[in-house]
Amino acid sequence: MTAPRIAVGGFMHETNTFAPAPAEYAAFEHGGGFPPMSRGAEIFARLPGKNTGLSGFIGAAGQKGWEVLPTLWCAASPSAHVTEDAFERILTEMLDRLAALGPVDAVYLDLHGAMVTTHQDDGEGEVEARVRALIGPDVPLLVSLDLHGNVTRRMVEEADALVAYRTYPHVDMADTGRRAADVLAARMAAGRPFAKAFRQIPFLMPIAWQCTEMEPCKTLYRQLEEIERGMGLAHLSFLPGFPAADFADCGGSVVAYADTQEKADAGADALTALICAQEDAFAGEALAPEEGVRKAMAIAAGASRPVVISDTQDNPGAGGTSDTTGMLRALVACGATRAALGLMVDPQAATSAHAAGVGAEVTLKLGGKSGIPGDTPFEGTFTVEALSDGTFDATGPYFGKGPMFLGRSACLRIEGVRVVVASRKAQLADQAMFRYVGIEPTEQAILVNKSSVHFRADFTPIAETILVCTAPGSMPLSPASLPWKHLRPGVRLAPNGPAFA
């Protein structure tokens with residue numbers, strides 16, 4: 001019996017349409033904390049062992065005896081829109097490589113679910129539609145998604161199934177690829193498409209409170225698995241959505257698949273009702289910068305482990321620029337000691353530090369160069385404590401063990417505060433992102449991470465407690481504060497917040 005021929009590829013971007021900087025082709029070539037753009041056999045060299053959907057799918061496909069046919073895989077750090085040039089170049093190459101493979105038995109795509117381009121609101125829907133046009137209506141098309149995907153009806157219609165992550169921090173990206181392989185196996189064994197059900201949640205959920213290590217998502221995802229198993233569904237996904245993409249379908253959703261429409265509808269309705277009943281719980285406590293630092297200092301005075309502060313509104317994992325200075329100002333103004341902040345992305349400052357050398361003092365205008373309202377460069381004299389070329393291995397569960405490339409980097413100290421300065425953007429979600437410039441995170445009293453939730457995977461085990469602070473940034477904690485123009489009418493802009501008109 002001939003092994004099934006499964007074509008695979010990936011094209012991942014989370015788009016914050018309110019962010020200042022677009023994603024150009026070069027951003028996908030670099031990868032932004034994930035492997036660089038990989039073609040053909042390069043996928044087998046770079047992806048296995050990484051925490052990505054395609055990595056998990058490849059491993060599961062091998063166990064099932066499938067022949068995996070790689071096309072192209074790429075990802076870029078979240079930012080503003082993907083440029084038309086980048087989107088068309090990448091998708092055209094992926095389609096050309098897919099066409100060159102000849103007839104295939106199925107296609108698996110590792111997508112994000114919240115891509116908006118300068119010419120397409122529904123990036124993933126367009127990717128799926130063009131792949132579908134190439135392979136025809138009968139070849140199964142399976143797609144894995146980030147749980148921050150903003151699912152559209154077009155995405156649901158074009159794919160045989162959408163399989164989303166179930167953890168945030170996303171420690172199960174590879175596991176999701178394996179789940180997608182199981183769903184694909186069931187689809188091929190059935191010989192016909194699943195019945196589908198799609199529901200949209202009527203309110204936007206702030207990403208800081210979507211964490212699956214906390215309520216309400218901790219319980220909701222357990223209930224999801226109970227519904228999926230108890231109702232005999234082929235698959236069930238809940239996507240809280242990415243609440244910073246200004247188009248009609250932004251927001252949370254549920255998708256269900258089963259052998260009958262009755263089952264699919266029942267599963268989707270049951271989970272949607274549970275989610276809506278928890279609307280109050282999708283709001284949490286956040287602190288102003290100096291308020292948060294003072295609270296952290298008070299806790300740290302009697303603690304043996306660091307207090308970790310999330311600089312949530314400058315989260316590069318949600319389109320932030322990773323260069324705002326509000327939390328740095330608060331640390332210095334409050335006289336914090338044994339404190340460290342990362343990453344501050346400022347190539348000019350990193351270059352100046354390298355030119356000055358270890359031990360030198362440099363006077364800089366650090367960060368604050370992105371034009372974020374309420375943010376300006378931090379002017380001060382810093383001591384250069386360490387330098388790095390920015391190449392090191394991640395060690396934590398989010399990025400997965402493997403190399404990172406942050407460009408010319410430095411550890412700069414001002415009074416009792418150390419700052420990790422890098423030339424390339426990636427959210428501070430791994431302890432190694434402090435250690436590569438000589439900062440041991442476990443020995444600090446206060447750590448400030450430019451990340452909303454992903455840092456929790458590697459930092460919760462070493463943290464005395466975790467606080468959330470709201471310094472100026474391009475990803476406001478409350479979606480209601482964004483200048484929406486294109487949402488669907490009636491969706492609430494925050495839990496129990498005003499409805500978009």
# chains A, B, ... in the order shown; residues from 1 in each chain; ligands from 1
>>> residues_around(residues="region 382-398 of chain A", least_positions_apart="4", cutoff="6 Å", atoms="only C-alpha atoms", output="list in words")
Val171, Val358, Gly359, Ala360, Glu361, Val362, Gly402, Pro403, Met404, Phe405, Leu406, Gly407, Arg408, Ser409, Ala410, Cys411, Leu412, Arg413, Ile414, Asp430, Ala432, Val437 and Asp458 of chain A
>>> write_last_selection(atoms="N, CA and C atoms", output="PDB file, in the first residue's frame")
ATOM      1  N   VAL A 171       2.682  26.559  25.098  1.00  0.00           N
ATOM      2  CA  VAL A 171       3.638  25.470  25.240  1.00  0.00           C
ATOM      3  C   VAL A 171       3.202  24.237  24.462  1.00  0.00           C
ATOM      4  N   VAL A 358      33.110  47.205  27.354  1.00  0.00           N
ATOM      5  CA  VAL A 358      32.701  46.827  28.704  1.00  0.00           C
ATOM      6  C   VAL A 358      33.421  47.715  29.728  1.00  0.00           C
ATOM      7  N   GLY A 359      32.666  48.205  30.694  1.00  0.00           N
ATOM      8  CA  GLY A 359      33.206  49.056  31.739  1.00  0.00           C
ATOM      9  C   GLY A 359      33.080  50.531  31.464  1.00  0.00           C
ATOM     10  N   ALA A 360      32.808  50.887  30.219  1.00  0.00           N
ATOM     11  CA  ALA A 360      32.706  52.298  29.856  1.00  0.00           C
ATOM     12  C   ALA A 360      31.352  52.866  30.281  1.00  0.00           C
ATOM     13  N   GLU A 361      31.298  54.179  30.362  1.00  0.00           N
ATOM     14  CA  GLU A 361      30.032  54.865  30.584  1.00  0.00           C
ATOM     15  C   GLU A 361      29.599  55.519  29.282  1.00  0.00           C
ATOM     16  N   VAL A 362      28.312  55.389  28.984  1.00  0.00           N
ATOM     17  CA  VAL A 362      27.773  55.964  27.753  1.00  0.00           C
ATOM     18  C   VAL A 362      26.534  56.770  28.090  1.00  0.00           C
ATOM     19  N   GLY A 402      16.726  25.952  21.183  1.00  0.00           N
ATOM     20  CA  GLY A 402      17.262  26.222  19.862  1.00  0.00           C
ATOM     21  C   GLY A 402      17.823  27.623  19.809  1.00  0.00           C
ATOM     22  N   PRO A 403      18.490  27.971  18.727  1.00  0.00           N
ATOM     23  CA  PRO A 403      19.190  29.253  18.657  1.00  0.00           C
ATOM     24  C   PRO A 403      18.248  30.443  18.509  1.00  0.00           C
ATOM     25  N   MET A 404      18.666  31.576  19.091  1.00  0.00           N
ATOM     26  CA  MET A 404      17.999  32.848  18.892  1.00  0.00           C
ATOM     27  C   MET A 404      19.040  33.841  18.368  1.00  0.00           C
ATOM     28  N   PHE A 405      18.556  34.803  17.600  1.00  0.00           N
ATOM     29  CA  PHE A 405      19.446  35.752  16.948  1.00  0.00           C
ATOM     30  C   PHE A 405      18.891  37.168  17.164  1.00  0.00           C
ATOM     31  N   LEU A 406      19.386  37.842  18.194  1.00  0.00           N
ATOM     32  CA  LEU A 406      18.854  39.157  18.547  1.00  0.00           C
ATOM     33  C   LEU A 406      19.772  40.293  18.126  1.00  0.00           C
ATOM     34  N   GLY A 407      20.832  39.973  17.389  1.00  0.00           N
ATOM     35  CA  GLY A 407      21.733  41.006  16.909  1.00  0.00           C
ATOM     36  C   GLY A 407      22.570  41.595  18.028  1.00  0.00           C
ATOM     37  N   ARG A 408      23.358  42.584  17.685  1.00  0.00           N
ATOM     38  CA  ARG A 408      24.255  43.233  18.640  1.00  0.00           C
ATOM     39  C   ARG A 408      23.480  43.635  19.891  1.00  0.00           C
ATOM     40  N   SER A 409      23.978  43.217  21.057  1.00  0.00           N
ATOM     41  CA  SER A 409      23.245  43.392  22.319  1.00  0.00           C
ATOM     42  C   SER A 409      24.189  43.823  23.427  1.00  0.00           C
ATOM     43  N   ALA A 410      23.586  44.319  24.519  1.00  0.00           N
ATOM     44  CA  ALA A 410      24.380  44.773  25.664  1.00  0.00           C
ATOM     45  C   ALA A 410      23.546  44.731  26.930  1.00  0.00           C
ATOM     46  N   CYS A 411      24.248  44.646  28.060  1.00  0.00           N
ATOM     47  CA  CYS A 411      23.638  44.897  29.365  1.00  0.00           C
ATOM     48  C   CYS A 411      24.109  46.271  29.810  1.00  0.00           C
ATOM     49  N   LEU A 412      23.154  47.184  29.984  1.00  0.00           N
ATOM     50  CA  LEU A 412      23.458  48.537  30.439  1.00  0.00           C
ATOM     51  C   LEU A 412      22.873  48.732  31.833  1.00  0.00           C
ATOM     52  N   ARG A 413      23.666  49.340  32.728  1.00  0.00           N
ATOM     53  CA  ARG A 413      23.192  49.573  34.097  1.00  0.00           C
ATOM     54  C   ARG A 413      23.099  51.065  34.370  1.00  0.00           C
ATOM     55  N   ILE A 414      21.982  51.466  34.996  1.00  0.00           N
ATOM     56  CA  ILE A 414      21.826  52.820  35.501  1.00  0.00           C
ATOM     57  C   ILE A 414      21.311  52.699  36.929  1.00  0.00           C
ATOM     58  N   ASP A 430      11.874  33.967  27.860  1.00  0.00           N
ATOM     59  CA  ASP A 430      12.827  32.897  28.154  1.00  0.00           C
ATOM     60  C   ASP A 430      13.897  33.469  29.084  1.00  0.00           C
ATOM     61  N   ALA A 432      16.859  32.692  29.331  1.00  0.00           N
ATOM     62  CA  ALA A 432      18.132  32.863  28.619  1.00  0.00           C
ATOM     63  C   ALA A 432      18.261  34.257  28.011  1.00  0.00           C
ATOM     64  N   VAL A 437      23.339  38.227  28.342  1.00  0.00           N
ATOM     65  CA  VAL A 437      24.143  39.433  28.606  1.00  0.00           C
ATOM     66  C   VAL A 437      24.567  39.495  30.071  1.00  0.00           C
ATOM     67  N   ASP A 458       8.143  30.182  31.485  1.00  0.00           N
ATOM     68  CA  ASP A 458       9.503  29.999  31.998  1.00  0.00           C
ATOM     69  C   ASP A 458       9.756  30.759  33.295  1.00  0.00           C
TER      70      ASP A 458
END
>>> atom_distance(atom1="CA of Ala129 (chain A)", atom2="CA of Ala161 (chain A)")
13.7 Å
>>> residues_around(residues="Glu84 (chain A)", least_positions_apart="6", cutoff="10 Å", atoms="only C-alpha atoms", output="MDAnalysis selection string")
chainID A and resid 23:25 90 117:120
>>> residues_around(residues="Gln278 (chain A)", least_positions_apart="6", cutoff="12 Å", atoms="only C-alpha atoms", output="PDB file with N, CA, C and O atoms, in the first residue's frame")
ATOM      1  N   ILE A 201     -17.837  34.848  19.602  1.00  0.00           N
ATOM      2  CA  ILE A 201     -18.105  35.328  20.950  1.00  0.00           C
ATOM      3  C   ILE A 201     -18.434  36.823  20.880  1.00  0.00           C
ATOM      4  O   ILE A 201     -17.772  37.573  20.160  1.00  0.00           O
ATOM      5  N   PHE A 203     -17.943  39.414  22.753  1.00  0.00           N
ATOM      6  CA  PHE A 203     -17.134  40.438  23.433  1.00  0.00           C
ATOM      7  C   PHE A 203     -15.655  40.148  23.197  1.00  0.00           C
ATOM      8  O   PHE A 203     -15.245  38.997  23.001  1.00  0.00           O
ATOM      9  N   MET A 205     -11.722  39.936  24.378  1.00  0.00           N
ATOM     10  CA  MET A 205     -11.072  39.485  25.609  1.00  0.00           C
ATOM     11  C   MET A 205      -9.649  40.021  25.673  1.00  0.00           C
ATOM     12  O   MET A 205      -8.834  39.705  24.807  1.00  0.00           O
ATOM     13  N   TRP A 209      -5.645  38.418  30.161  1.00  0.00           N
ATOM     14  CA  TRP A 209      -6.555  37.582  30.957  1.00  0.00           C
ATOM     15  C   TRP A 209      -7.014  36.356  30.171  1.00  0.00           C
ATOM     16  O   TRP A 209      -7.946  35.670  30.578  1.00  0.00           O
ATOM     17  N   GLN A 210      -6.354  36.061  29.060  1.00  0.00           N
ATOM     18  CA  GLN A 210      -6.629  34.827  28.314  1.00  0.00           C
ATOM     19  C   GLN A 210      -5.724  33.682  28.760  1.00  0.00           C
ATOM     20  O   GLN A 210      -5.830  32.572  28.231  1.00  0.00           O
ATOM     21  N   GLU A 215      -7.821  31.435  35.790  1.00  0.00           N
ATOM     22  CA  GLU A 215      -9.240  31.452  35.438  1.00  0.00           C
ATOM     23  C   GLU A 215      -9.561  32.724  34.659  1.00  0.00           C
ATOM     24  O   GLU A 215      -8.898  33.745  34.851  1.00  0.00           O
ATOM     25  N   PRO A 216     -10.528  32.663  33.723  1.00  0.00           N
ATOM     26  CA  PRO A 216     -11.451  31.552  33.520  1.00  0.00           C
ATOM     27  C   PRO A 216     -10.980  30.489  32.525  1.00  0.00           C
ATOM     28  O   PRO A 216     -11.588  29.431  32.412  1.00  0.00           O
ATOM     29  N   CYS A 217      -9.882  30.782  31.784  1.00  0.00           N
ATOM     30  CA  CYS A 217      -9.509  29.860  30.707  1.00  0.00           C
ATOM     31  C   CYS A 217      -9.026  28.508  31.219  1.00  0.00           C
ATOM     32  O   CYS A 217      -9.183  27.492  30.532  1.00  0.00           O
ATOM     33  N   LYS A 218      -8.448  28.482  32.414  1.00  0.00           N
ATOM     34  CA  LYS A 218      -7.996  27.204  32.956  1.00  0.00           C
ATOM     35  C   LYS A 218      -9.138  26.200  33.002  1.00  0.00           C
ATOM     36  O   LYS A 218      -9.002  25.047  32.574  1.00  0.00           O
ATOM     37  N   THR A 219     -10.292  26.648  33.507  1.00  0.00           N
ATOM     38  CA  THR A 219     -11.460  25.757  33.580  1.00  0.00           C
ATOM     39  C   THR A 219     -12.118  25.582  32.212  1.00  0.00           C
ATOM     40  O   THR A 219     -12.553  24.479  31.856  1.00  0.00           O
ATOM     41  N   LEU A 220     -12.176  26.639  31.415  1.00  0.00           N
ATOM     42  CA  LEU A 220     -12.846  26.543  30.111  1.00  0.00           C
ATOM     43  C   LEU A 220     -12.183  25.514  29.202  1.00  0.00           C
ATOM     44  O   LEU A 220     -12.874  24.755  28.498  1.00  0.00           O
ATOM     45  N   LEU A 271     -20.091  24.879  24.405  1.00  0.00           N
ATOM     46  CA  LEU A 271     -18.878  25.589  24.793  1.00  0.00           C
ATOM     47  C   LEU A 271     -19.082  27.102  24.747  1.00  0.00           C
ATOM     48  O   LEU A 271     -18.630  27.832  25.639  1.00  0.00           O
ATOM     49  N   THR A 272     -19.784  27.590  23.731  1.00  0.00           N
ATOM     50  CA  THR A 272     -20.032  29.025  23.625  1.00  0.00           C
ATOM     51  C   THR A 272     -20.805  29.534  24.841  1.00  0.00           C
ATOM     52  O   THR A 272     -20.499  30.610  25.378  1.00  0.00           O
ATOM     53  N   PRO A 495     -14.853  42.988  28.142  1.00  0.00           N
ATOM     54  CA  PRO A 495     -15.864  42.268  28.925  1.00  0.00           C
ATOM     55  C   PRO A 495     -16.844  43.237  29.587  1.00  0.00           C
ATOM     56  O   PRO A 495     -16.434  44.140  30.317  1.00  0.00           O
ATOM     57  N   ASN A 496     -18.114  43.094  29.253  1.00  0.00           N
ATOM     58  CA  ASN A 496     -19.179  43.978  29.746  1.00  0.00           C
ATOM     59  C   ASN A 496     -18.947  45.435  29.368  1.00  0.00           C
ATOM     60  O   ASN A 496     -19.460  46.343  30.014  1.00  0.00           O
TER      61      ASN A 496
END
>>> closest_residue(among="A:Phe57, A:Trp66, A:Phe87, A:Tyr221", to="Ala181 (chain A)", atoms="only C-alpha atoms")
A:Phe57
>>> closest_residue(among="A:Cys276, A:Ala353, A:Met94, A:Ala303", to="Glu443 (chain A)", atoms="only C-alpha atoms")
A:Ala303
>>> select_by_dssp(residues="region 328-480 of chain A", states="helix (DSSP H, G or I)", output="PyMOL selection string")
chain A and resi 328-333+347-356+432-435+441-443+456-462+479-480
>>> residues_around(residues="region 279-287 of chain A", least_positions_apart="6", cutoff="12 Å", atoms="only C-alpha atoms", output="PyMOL selection string")
chain A and resi 201-212+214-220+240+252+272-273+293-296+309-313+327+330+452+466-471+476-479+492-497
>>> write_last_selection(atoms="C-alpha atoms", output="PDB file, in the first residue's frame")
ATOM      1  CA  ILE A 201     -18.105  35.328  20.950  1.00  0.00           C
ATOM      2  CA  PRO A 202     -19.905  38.688  21.450  1.00  0.00           C
ATOM      3  CA  PHE A 203     -17.134  40.438  23.433  1.00  0.00           C
ATOM      4  CA  LEU A 204     -13.397  41.077  23.044  1.00  0.00           C
ATOM      5  CA  MET A 205     -11.072  39.485  25.609  1.00  0.00           C
ATOM      6  CA  PRO A 206      -7.913  41.301  26.800  1.00  0.00           C
ATOM      7  CA  ILE A 207      -4.946  39.038  26.071  1.00  0.00           C
ATOM      8  CA  ALA A 208      -3.466  39.333  29.580  1.00  0.00           C
ATOM      9  CA  TRP A 209      -6.555  37.582  30.957  1.00  0.00           C
ATOM     10  CA  GLN A 210      -6.629  34.827  28.314  1.00  0.00           C
ATOM     11  CA  CYS A 211      -3.869  32.933  30.143  1.00  0.00           C
ATOM     12  CA  THR A 212      -4.756  29.242  30.476  1.00  0.00           C
ATOM     13  CA  MET A 214      -5.458  31.251  35.333  1.00  0.00           C
ATOM     14  CA  GLU A 215      -9.240  31.452  35.438  1.00  0.00           C
ATOM     15  CA  PRO A 216     -11.451  31.552  33.520  1.00  0.00           C
ATOM     16  CA  CYS A 217      -9.509  29.860  30.707  1.00  0.00           C
ATOM     17  CA  LYS A 218      -7.996  27.204  32.956  1.00  0.00           C
ATOM     18  CA  THR A 219     -11.460  25.757  33.580  1.00  0.00           C
ATOM     19  CA  LEU A 220     -12.846  26.543  30.111  1.00  0.00           C
ATOM     20  CA  PRO A 240     -10.148  33.778  22.459  1.00  0.00           C
ATOM     21  CA  GLY A 252     -13.161  35.049  20.026  1.00  0.00           C
ATOM     22  CA  THR A 272     -20.032  29.025  23.625  1.00  0.00           C
ATOM     23  CA  ALA A 273     -22.536  29.182  26.484  1.00  0.00           C
ATOM     24  CA  VAL A 293       7.166  49.074  40.987  1.00  0.00           C
ATOM     25  CA  ARG A 294       6.458  50.247  44.542  1.00  0.00           C
ATOM     26  CA  LYS A 295       4.315  47.161  45.145  1.00  0.00           C
ATOM     27  CA  ALA A 296       7.040  44.934  43.688  1.00  0.00           C
ATOM     28  CA  ILE A 309       6.281  42.519  36.227  1.00  0.00           C
ATOM     29  CA  SER A 310       4.616  42.190  32.844  1.00  0.00           C
ATOM     30  CA  ASP A 311       5.078  45.336  30.733  1.00  0.00           C
ATOM     31  CA  THR A 312       1.982  44.152  28.917  1.00  0.00           C
ATOM     32  CA  GLN A 313       1.270  47.136  26.651  1.00  0.00           C
ATOM     33  CA  MET A 327       8.682  50.909  33.101  1.00  0.00           C
ATOM     34  CA  ALA A 330       9.343  53.929  36.994  1.00  0.00           C
ATOM     35  CA  SER A 452       1.911  39.700  28.292  1.00  0.00           C
ATOM     36  CA  ILE A 466       3.611  38.251  38.972  1.00  0.00           C
ATOM     37  CA  LEU A 467       2.195  41.765  38.522  1.00  0.00           C
ATOM     38  CA  VAL A 468       0.754  43.373  35.387  1.00  0.00           C
ATOM     39  CA  CYS A 469       1.582  47.019  34.623  1.00  0.00           C
ATOM     40  CA  THR A 470       0.257  49.372  31.963  1.00  0.00           C
ATOM     41  CA  ALA A 471       2.963  51.720  30.747  1.00  0.00           C
ATOM     42  CA  PRO A 476      -3.440  48.566  25.198  1.00  0.00           C
ATOM     43  CA  LEU A 477      -4.585  46.091  27.819  1.00  0.00           C
ATOM     44  CA  SER A 478      -8.208  47.089  27.290  1.00  0.00           C
ATOM     45  CA  PRO A 479      -9.373  46.686  23.684  1.00  0.00           C
ATOM     46  CA  ARG A 492     -18.586  44.488  23.046  1.00  0.00           C
ATOM     47  CA  LEU A 493     -15.160  46.160  23.085  1.00  0.00           C
ATOM     48  CA  ALA A 494     -14.212  44.627  26.435  1.00  0.00           C
ATOM     49  CA  PRO A 495     -15.864  42.268  28.925  1.00  0.00           C
ATOM     50  CA  ASN A 496     -19.179  43.978  29.746  1.00  0.00           C
ATOM     51  CA  GLY A 497     -17.882  47.007  27.873  1.00  0.00           C
TER      52      GLY A 497
END
>>> select_by_dssp(residues="region 220-317 of chain A", states="strand (DSSP E)", output="list of chain:residue names")
A:His235, A:Leu236, A:Ser237, A:Phe238, A:Leu239, A:Ser253, A:Val254, A:Val255, A:Ala256, A:Tyr257, A:Ala258, A:Val307, A:Val308, A:Ile309, A:Ser310, A:Asp311
>>> residues_around(residues="Ala75 (chain A)", least_positions_apart="5", cutoff="6 Å", atoms="only C-alpha atoms", output="list in words")
Phe11, Met12, Phe28 and Gly31 of chain A
>>> write_last_selection(atoms="C-alpha atoms", output="PDB file, in the first residue's frame")
ATOM      1  CA  PHE A  11       2.962  31.179   6.994  1.00  0.00           C
ATOM      2  CA  MET A  12       2.521  32.784  10.415  1.00  0.00           C
ATOM      3  CA  PHE A  28       9.851  36.568   7.559  1.00  0.00           C
ATOM      4  CA  GLY A  31      11.901  34.791  11.838  1.00  0.00           C
TER       5      GLY A  31
END
>>> atom_distance(atom1="CA of Pro169 (chain A)", atom2="CA of Asn315 (chain A)")
13.3 Å
>>> decode(residues="region 385-402 of chain A", atoms="N, CA, C and O atoms", output="short mmCIF file (atom, residue, chain, number, x, y, z; two decimals), in the first residue's frame")
data_model
loop_
_atom_site.label_atom_id
_atom_site.label_comp_id
_atom_site.auth_asym_id
_atom_site.auth_seq_id
_atom_site.Cartn_x
_atom_site.Cartn_y
_atom_site.Cartn_z
N GLU A 385 27.93 46.87 31.07
CA GLU A 385 28.35 45.75 31.90
C GLU A 385 28.68 44.49 31.11
O GLU A 385 29.47 43.66 31.56
N ALA A 386 28.06 44.31 29.95
CA ALA A 386 28.34 43.12 29.14
C ALA A 386 27.93 43.39 27.71
O ALA A 386 27.07 44.24 27.44
N LEU A 387 28.55 42.65 26.79
CA LEU A 387 28.25 42.77 25.36
C LEU A 387 28.03 41.38 24.79
O LEU A 387 28.55 40.38 25.29
N SER A 388 27.25 41.31 23.71
CA SER A 388 26.98 40.03 23.06
C SER A 388 26.67 40.28 21.59
O SER A 388 26.18 41.36 21.23
N ASP A 389 26.93 39.26 20.77
CA ASP A 389 26.51 39.35 19.37
C ASP A 389 25.05 38.96 19.18
O ASP A 389 24.53 39.01 18.08
N GLY A 390 24.39 38.57 20.28
CA GLY A 390 22.96 38.26 20.23
C GLY A 390 22.62 36.87 19.80
O GLY A 390 21.45 36.54 19.64
N THR A 391 23.61 36.00 19.66
CA THR A 391 23.35 34.61 19.29
C THR A 391 23.49 33.74 20.53
O THR A 391 24.54 33.73 21.18
N PHE A 392 22.43 33.01 20.87
CA PHE A 392 22.44 32.15 22.05
C PHE A 392 21.32 31.14 21.91
O PHE A 392 20.50 31.21 20.98
N ASP A 393 21.28 30.18 22.81
CA ASP A 393 20.25 29.15 22.77
C ASP A 393 19.16 29.44 23.79
O ASP A 393 19.45 29.69 24.97
N ALA A 394 17.90 29.43 23.34
CA ALA A 394 16.78 29.48 24.27
C ALA A 394 16.75 28.19 25.08
O ALA A 394 17.20 27.14 24.62
N THR A 395 16.21 28.26 26.29
CA THR A 395 16.17 27.09 27.16
C THR A 395 14.79 26.77 27.69
O THR A 395 14.57 25.71 28.26
N GLY A 396 13.83 27.69 27.52
CA GLY A 396 12.52 27.53 28.13
C GLY A 396 11.51 26.86 27.23
O GLY A 396 11.77 26.57 26.05
N PRO A 397 10.31 26.61 27.74
CA PRO A 397 9.30 25.85 27.01
C PRO A 397 8.57 26.59 25.91
O PRO A 397 7.96 25.95 25.05
N TYR A 398 8.60 27.93 25.91
CA TYR A 398 7.85 28.65 24.87
C TYR A 398 8.58 28.63 23.53
O TYR A 398 8.05 28.13 22.53
N PHE A 399 9.79 29.16 23.48
CA PHE A 399 10.51 29.16 22.21
C PHE A 399 10.98 27.76 21.84
O PHE A 399 11.16 27.44 20.67
N GLY A 400 11.18 26.90 22.85
CA GLY A 400 11.76 25.60 22.57
C GLY A 400 13.27 25.74 22.48
O GLY A 400 13.81 26.79 22.15
N LYS A 401 13.96 24.68 22.79
CA LYS A 401 15.42 24.73 22.80
C LYS A 401 15.94 24.90 21.38
O LYS A 401 15.64 24.11 20.50
N GLY A 402 16.73 25.95 21.18
CA GLY A 402 17.26 26.22 19.86
C GLY A 402 17.82 27.62 19.81
O GLY A 402 17.67 28.41 20.75
#
